[in-house]
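What follows is one structure encoded as structure tokens, with my remarks underneath.
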Amino acid sequence: MTSKKIISKMSDNIDPSLFEFADCDESKSELIGYSNYSFWRSTIQVFIKNKAAVALLILIACVVLFTLIQPYLPNQKSPTQIYINPETNMQYRNVQPNEEFWFGSNSIGQDLWARIWSGTRTSLLIGVAVGLFEAVVGITVGALWGYVRKLDAIITEIYNVWDNIPSTVVLIILTYIMKPSIPTIIFAMCMTGWLQMARFVRNLIIIIRDREYNLASRCLGTPTSRIITKNLLPYLVSVIMLRMALAIPLAIGSEVFLSYIGMGLPVDIPSLGNLINEGRALMMDPNQRYQLFFPAAVISVVTISFYVIGNVFADSADPRNHV
Amino acid sequence: MKYYAIRLLRSFLTLIIVVTIVFLLMRLMPIEGYFTNYDKLDEVQIEAKLENLGLLNPWYIQLKDFYGSLMKRDLGQSITYRPKVDITKILGDKLITSLRFGLVSLTISLVMGLSLGILMARYKGKFWDKFGTCYIVGANAIPAVIFYLLIQVYLTDLFKLPLLYDRTDAKSWILPILCLSLVNIAYYAMWIRRYMVDELNKDYVRLAKAKGLKNKDIMLKHVMRNAFVPMAQYLPASILYTVSGSIYVESLFSIPGTGGLLVTAIQRQDNTLVQALVLLYSSIGIVGLMLGDILMAAFDPRIRLSHEGGSR
């Protein structure tokens with residue numbers, strides 16, 4: 001009885017103003033060490049400080065945007081149509097860059113300007129698709145590989161075998177089973193590319209797997225999936241972003257390589273690899289070198305941009321570099 | 001020792017699995033690939049040639065024959081690449097050519113790469129660091145073939161160097177070696193810089209500074225030695241891998257090396273050559289990795305492999 005009395009008595013003494021919403025006072029919040037720290041906001045802040053990376057980001061955004069809208073602009077030529085000179089009834093072969101053909105024309109009279117943007121579109125599509133696939137599969141497999149001890153021996157063996165089979169063999173058999181096309185080349189590059197990512201994630205996970213905070217989580221009975229997604233992966237965001245950003249220039253590079261050894265896309269699909277190859281055939285003639293030079297310049301700009309942006313972003317996504 | 005024995009045994013098993021899988025994959029290829037004039041031949045001739053190559057037997061008998069001859073250290077004869085020539089004979093000359101180029105370029109890249117990396121770490125944030133970073137970004141990001149092509153086009157004109165490789169003309173060796181080294185220099189410079197910067201932040205460097213050691217001594221005696229340990233792991237593998245050549249450089253300068261050999265052999269379905277090459281490259285990979293670990297343990301006595309067997 002007494003306790004009830006006291007409570008009722010206490011409630012009489014409580015000041016109702018305590019239950020009203022307080023205003024947010026920034027200066028007071030500093031007194032108790034409250035921080036409105038946000039991971040992504042700090043990441044962006046650090047990223048913006050790097051002027052070169054921001055410039056490249058804008059540049060690559062413009063390039064990507066331009067490749068998308070270029071076909072819809074007025075006065076654009078088709079990348080695959082062969083243009084014929086109405087006066088002589090001959091194809092416009094190897095025309096030097098002029099007002100009609102901004103980047104010149106190639107050996108069978110196609111417009112290099114249109115082909116370069118079409119090729120950039122193809123190559124970027126390949127790069128982004130392969131990069132995304134590698135990230136998703138690589139992280140999933142790598143996380144399981146690193147965290148689940150029972151799987152370690154099995155996946156390691158699979159990795160050793162798969163890694164030693166020349167990717168050319170896989171590629172040729174795939175192109176033999178499927179028709180050479182953009183999906184085929186993406187599929188083939190994904191088949192061979194995710195291994196490195198998985199191994200990379202696995203090595204990182206092994207390093208932080210047995211830290212105390214994970215041990216604590218395990219003792220508390222946290223399910224494996226939750227430990228992986230909440231404890232381990234956030235720790236790896238910066239390095240994984242780096243790998244993903246680097247996967248895009250790497251994929252573009254391997255498309256060039258595949259075209260070089262004659263196993264890339266069919267020649268009627270313009271891609272940066274095919275364009276480089278066409279340019280290479282003519283490079284011994286100093287007047288024709290523009291056909292090598294323009295695709296080379298575009299590919300360099302694209303790959304360097306992705307590379308630098310990826311590196312700077314990875315640095316800024318590392319909380320140790322945050323203020 | 002026991003650790004290495006177990007590891008070697010496991011690697012050996014992996015090797016057998018790899019070779020077997022590649023062997024079977026090659027048998028999946030269409031039979032047209034074995035002929036240069038498939039359309040002109042009639043059924044009987046095709047049968048006869050396939051029979052001759054032993055390709056009509058069931059796959060397990062072919063596999064048994066393959067391992068049987070392998071036991072007798074016989075890699076067989078080439079089928080389509082250079083018909084009826086022993087694989088060992090084809091490989092011999094090519095391996096030596098590639099090895100010679102590879103080793104020269106590796107030496108250059110190590111010397112240049114390490115010096116550049118040390119300079120970058122020493123003057124972090126200054127001119128050398130910025131210069132080196134630009135170089136590394138360029139070399140890593142741009143597909144190698146692009147600057148190989150530009151080098152071949154412009155430097156040959158500029159320095160009046162021969163365009164193609166000529167065995168007897170030492171001047172024609174300069175550009176291929178330059179091309180081979182460019183990417184590797186960037187690679188070594190990048191890693192040695194990173195490891196050295198990591199080491200420079202450690203306490204023992206601060207102690208050495210507090211003791212009043214000269215900067216040069218700290219760099220060379222303490223930091224270099226520790227920073228080189230992770231590099232030691234890659235070294236044997238990179239030395240061994242030089243025999244596999246470079247597909248771009250060797251085809252651009254028409255060097256008769258091993259560079260494009262695997263790709264060509266696969267494309268022309270030269271089964272025996274593919275098997276021999278896969279066997280060679282896989283063994284190199286396995287042995288290289290292991291030698292790397294041994295070297296690393298030799299450089300840094302703190303590393304004991306047998307206790308962390310699970311890490312690889």
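In the structure tokens, chains take the letters A, B, ... in the order shown, each chain's residues start at 1, and ligands count up from 1 in the order shown.
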
Which residues of chain A come within 6 Å of chain B, and for each one, what is the closest pair of atoms and their distance in Å to one decimal, counting only C-alpha atoms, sorted by chain and residue number, as JSON lines?
{"residue": "A:Val161", "atom": "CA", "partner": "B:Val18", "partner_atom": "CA", "distance": 5.4}
{"residue": "A:Asn164", "atom": "CA", "partner": "B:Ser282", "partner_atom": "CA", "distance": 5.8}
{"residue": "A:Gly253", "atom": "CA", "partner": "B:Pro143", "partner_atom": "CA", "distance": 4.9}
{"residue": "A:Ser300", "atom": "CA", "partner": "B:Ile142", "partner_atom": "CA", "distance": 5.3}
{"residue": "A:Thr303", "atom": "CA", "partner": "B:Ala141", "partner_atom": "CA", "distance": 5.4}
{"residue": "A:Ile304", "atom": "CA", "partner": "B:Ala141", "partner_atom": "CA", "distance": 5.2}

Exercise. Give me the residues within 8 Å of region 204-213 of chain A as a PyMOL selection string, counting only C-alpha atoms and dropping any in the same chain fewer than 4 places off.
Key: (chain A and resi 143+146-147+200+217+232+236) or (chain B and resi 311)

Practice problem: Skip Leu195 (chain A) itself and residues of its chain fewer than 5 positions away, then list as a list in words all residues within 8 Å of it, counting only C-alpha atoms. | Solution: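 Neighbouring residues, sequence-local ones excluded: Gly138, Tyr159 and Asp163 of chain A.
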
Self-check item: Length of the CA of Phe313 (chain A) to CA of Leu242 (chain A) vector [Å]
Solution: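 Going from CA of Phe313 (chain A) over to CA of Leu242 (chain A) covers 7.2 Å.
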
Quiz item: Taking only C-alpha atoms into account, which of B:Tyr34, B:Tyr3, B:Tyr60, B:Tyr234 comes nearest Leu295 (chain B)?
Solution: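 Distance minimum relative to Leu295 (chain B) lands on B:Tyr234.
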
Quiz item: Leaving out Asp93 (chain B) and any residue of its chain fewer than 4 positions from it, which residues lie within 10 Å of it when counting only C-alpha atoms, given as a ChimeraX atom specification?
Solution: /B:88-89,97-99,256-258

Using C-alpha atoms, can you export the residues from the last selection as a CSV table (one decimal), in the first residue's frame?
chain,number,residue,atom,x,y,z
B,88,THR,CA,59.9,-31.2,-76.7
B,89,LYS,CA,61.6,-30.1,-79.9
B,97,THR,CA,63.9,-17.4,-76.5
B,98,SER,CA,61.2,-16.3,-74.1
B,99,LEU,CA,63.3,-17.1,-71.1
B,256,PRO,CA,59.6,-16.8,-82.0
B,257,GLY,CA,58.8,-17.4,-78.3
B,258,THR,CA,56.1,-19.2,-76.4
